[in-house]
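Quick notes on the structure that follows.
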Amino acid sequence: MVEKRYESEEKTTSKAGAKVKIPKNIRQIGQISDKLRIYVEDYVKTYARQLAEGDYTERCVAVLVGEYTQSEVGRNVFIYGAVEAEGAYFDGKVTFNEGIWAAVYENIKKYFPEGEIVGWYYGGTGFGTEDGDMIKQVHIDNFSGRDKVLLTYDVLEKEDNFYLFESGTIMLQPGYYIYYEKNQEMQGYMVDHKEVAVEETKVDDHAIREIRSILDEKKKPARSKTRAKAKEKEKDQKSMQRLVYTAGGLVAAVVLVVGVTVVYNNQRIKGIETSISNLAKNITGAASQSQDGSNIFDRPDETTGGNSVEASTNSSSVLGGDDKIAQNGLEESNLSETQPGGTEGDSLEQVTPSGAGEVTPTEEAKTTPVPTETTDTSKTTGNSVLSEYVVEKGDTLANICFRLYGDYKNVTIIKEINRLEDENKIYVGQKLLVP
């Protein structure tokens with residue numbers, strides 16, 4: 001088709017009676033018909049191509065929006081908007097149902113409130129005879145008014161054409177005008193529907209560049225917000241790191257304090273154990289030092305000729321005095337008591353180390369009360385008194401001493417008086433001599 005670019009001063013009159021000035025920046029495509037002059041705004045042309053080139057395997061359908069005017073030379077149609085009829089093409093056919101029309105009217109009201117429907121658009125890859133018959137029927141059923149135009153675009157041929165319904169058929173128009181002016185309505189629709197993602201090599205038009213600049217301007221605040229969010233997120237991460245470090249320091253301090261406390265407590269426990277051990281050693285040493293010699297009984301006084309057996313304690317803390325066992329006393333004593341299954345009777349035998357004869361007690365010991373129900377038989381020798389104690393269930397030498405004297409200092413004395421090899425081996429009913 002022949003293309004011409006020129007500026008026009010022609011004025012037309014719209015159906016409302018207002019004078020409409022033809023845009024100055026106009027490009028002519030082909031020969032212009034005298035019946036109807038077709039003016040299509042550059043944004044509409046660009047959008048139509050983008051819509052068809054979005055998917056080569058599908059056909060696309062849109063409704064054209066604009067207005068009609070009357071001039072001295074004839075009737076004119078200005079197309080300044082296009083609204084996609086989503087879902088109109090299905091299974092090889094174009095169908096406008098109520099749902100599709102409702103969506104189209106809603107977009108027209110939103111983006112082109114002053115416009116009217118002036119025709120429709122059909123784009124795709126190649127058109128055959130069956131397409132011609134279908135297009136004719138769709139045009140008759142939905143766009144049968146006066147001067148309703150049809151715009152087609154063949155993706156393979158890169159060619160667009162306008163048609164009018166004349167004499168019962170769809171007639172190709174020899175030419176049309178492309179005009180350029182500010183078209184905010186179509187820009188807004190294209191931006192909102194993001195129909196500008198087309199390679200520049202396919203459609204190198206100023207409309208694409210302008211739409212892209214508009215999109216870039218809209219993306220700038222979004223990018224700014226994204227950067228602000230990234231900075232805020234980074235700040236939050238740093239704050240979280242500081243918090244983690246602080247928490248880690250506190251945990252380390254708590255662990256250190258707990259460790260020091262445990263070590264200190266262990267040292268204290270060890271000190272207590274050492275003190276207890278030393279105290280036990282002192283008690284054992286005091287008990288071993290309570291004896292002043294290996295002999296407990298004094299030997300009979302040979303000058304007086306008495307047959308006495310004297311028992312003395314090894315310290316003033318036991319008998320309340322400072323007397324010690326005399327060096328001339330009885331060195332060894334032999335005490336035999338009736339054991340279970342043994343001989344009857346109780347006897348106290350005293351043996352001197354130089355082969356002296358046996359000495360028997362001269363008199364029975366007086367009974368000394370003890371804090372038990374058992375009454376012990378006491379035996380005396382000289383100025384000392386020995387008592388008999390009958391072992392009860394649960395008794396030990398230690399608790400016998402504590403019961404009789406209030407302490408454990410006489411355990412060793414009782415053990416040696418009764419010739420016990422093991423102080424823990426005593427039995428119920430056994431009779432022990434105690435100071």
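As shown in the structure tokens, the chain order sets the letters A, B, ...; within each chain, residues go from 1, and ligands are also counted from 1 in the order they appear.
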Spatial neighbours of Ile38 of chain A, 9 Å, only C-alpha atoms, chain gap at least 6 places, as a ChimeraX atom specification: /A:32,75-79,149,162,175-178
Hey, can you spit out that residue selection with C-alpha atoms as a PDB file, in the first residue's frame?
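Contents of the output file result.pdb:
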```pdb
ATOM      1  CA  ILE A  32      -8.635   6.659   0.633  1.00  0.00           C
ATOM      2  CA  ARG A  75     -18.137  10.554   6.741  1.00  0.00           C
ATOM      3  CA  ASN A  76     -15.185   9.729   9.018  1.00  0.00           C
ATOM      4  CA  VAL A  77     -14.519   7.213  11.763  1.00  0.00           C
ATOM      5  CA  PHE A  78     -11.817   7.772  14.409  1.00  0.00           C
ATOM      6  CA  ILE A  79     -10.622   4.612  16.157  1.00  0.00           C
ATOM      7  CA  VAL A 149     -15.389  -1.615  10.370  1.00  0.00           C
ATOM      8  CA  PHE A 162      -9.756  -2.694   7.024  1.00  0.00           C
ATOM      9  CA  GLY A 175      -6.660   2.566   2.345  1.00  0.00           C
ATOM     10  CA  TYR A 176      -6.859   4.333   5.718  1.00  0.00           C
ATOM     11  CA  TYR A 177      -5.091   6.932   7.887  1.00  0.00           C
ATOM     12  CA  ILE A 178      -2.839   6.462  10.890  1.00  0.00           C
TER      13      ILE A 178
END
```
Would you pick out the contacts of Ala82 of chain A at 9 Å or less, using only C-alpha atoms, so that residues sharing its chain but fewer than 2 positions from it are not included, and give the list as number ranges by chain? A: 44, 47-48, 62-66, 79-80, 84, 108, 120-121, 186, 189
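For Lys110 of chain A, the non-local neighbours within 12 Å, defined as residues at least 3 positions apart in the same chain or in other chains and counting only C-alpha atoms, are Gly81, Val83, Ala103, Val104, Tyr105, Glu106, Asn107, Pro113, Glu114, Gly115, Glu185, Met186, Gly188, Tyr189 and Asp192 of chain A.
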So, counting only C-alpha atoms, which residue among A:Ile29, A:Val263, A:Ile276, A:Cys60 is closest to Asn161 of chain A? A:Ile29
Spatial neighbours of Tyr153 of chain A, 10 Å, only C-alpha atoms, chain gap at least 3 places, as a short mmCIF file (atom, residue, chain, number, x, y, z; two decimals) with C-alpha atoms, in the first residue's frame:
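around_5.cif, written as the output of this step:
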```cif
data_model
loop_
_atom_site.label_atom_id
_atom_site.label_comp_id
_atom_site.auth_asym_id
_atom_site.auth_seq_id
_atom_site.Cartn_x
_atom_site.Cartn_y
_atom_site.Cartn_z
CA LYS A 45 -2.49 -0.19 15.66
CA ALA A 48 -3.52 -4.91 17.67
CA ARG A 49 -0.19 -6.21 16.40
CA LEU A 51 -2.16 -8.94 20.66
CA ALA A 52 -1.80 -11.14 17.56
CA GLU A 53 1.93 -11.73 17.97
CA CYS A 60 -7.29 -12.96 18.99
CA TYR A 121 -10.57 -6.72 15.29
CA TYR A 122 -9.49 -10.24 14.29
CA GLY A 123 -5.82 -11.28 14.21
CA GLY A 124 -3.84 -14.44 13.75
CA THR A 125 -1.72 -16.60 11.46
CA GLY A 126 -3.10 -16.86 7.95
CA PHE A 127 -6.76 -16.67 6.88
CA LEU A 156 2.85 -14.14 8.75
CA GLU A 157 2.33 -11.42 6.16
CA LYS A 158 2.81 -8.60 8.67
CA GLU A 159 -0.12 -6.87 7.00
CA ASP A 160 -3.24 -5.25 8.41
CA ASN A 161 -6.40 -4.32 6.48
CA PHE A 162 -9.76 -2.69 7.02
#
```
Return as a PyMOL selection string the full set of residues in segment 145-204 of chain A whose backbone-based DSSP assignment is strand (DSSP E). chain A and resi 149-154+159-166+169-172+175-179
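Distances from A:Lys393, A:His193, A:Lys148, A:Lys93 to Val61 of chain A were compared using only C-alpha atoms, and the smallest one belongs to A:Lys93.
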Could you tell me, as JSON, numbers by chain, which residues of segment 83-183 of chain A DSSP assigns to alpha helix (DSSP H) when given the backbone? {"A": [98, 99, 100, 101, 102, 103, 104, 105, 106, 107, 108, 109, 110, 111, 129, 130, 131, 132, 133, 134, 135, 136, 137, 138, 139, 140, 141, 142]}
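Checking A:Leu36, A:Ala247, A:Ala85, A:Ala230 one by one against Asp147 of chain A, counting only C-alpha atoms, you find the shortest gap at A:Leu36.
In this structure, atom CA of Gln50 of chain A sits 10.4 Å away from atom CA of Lys194 of chain A.
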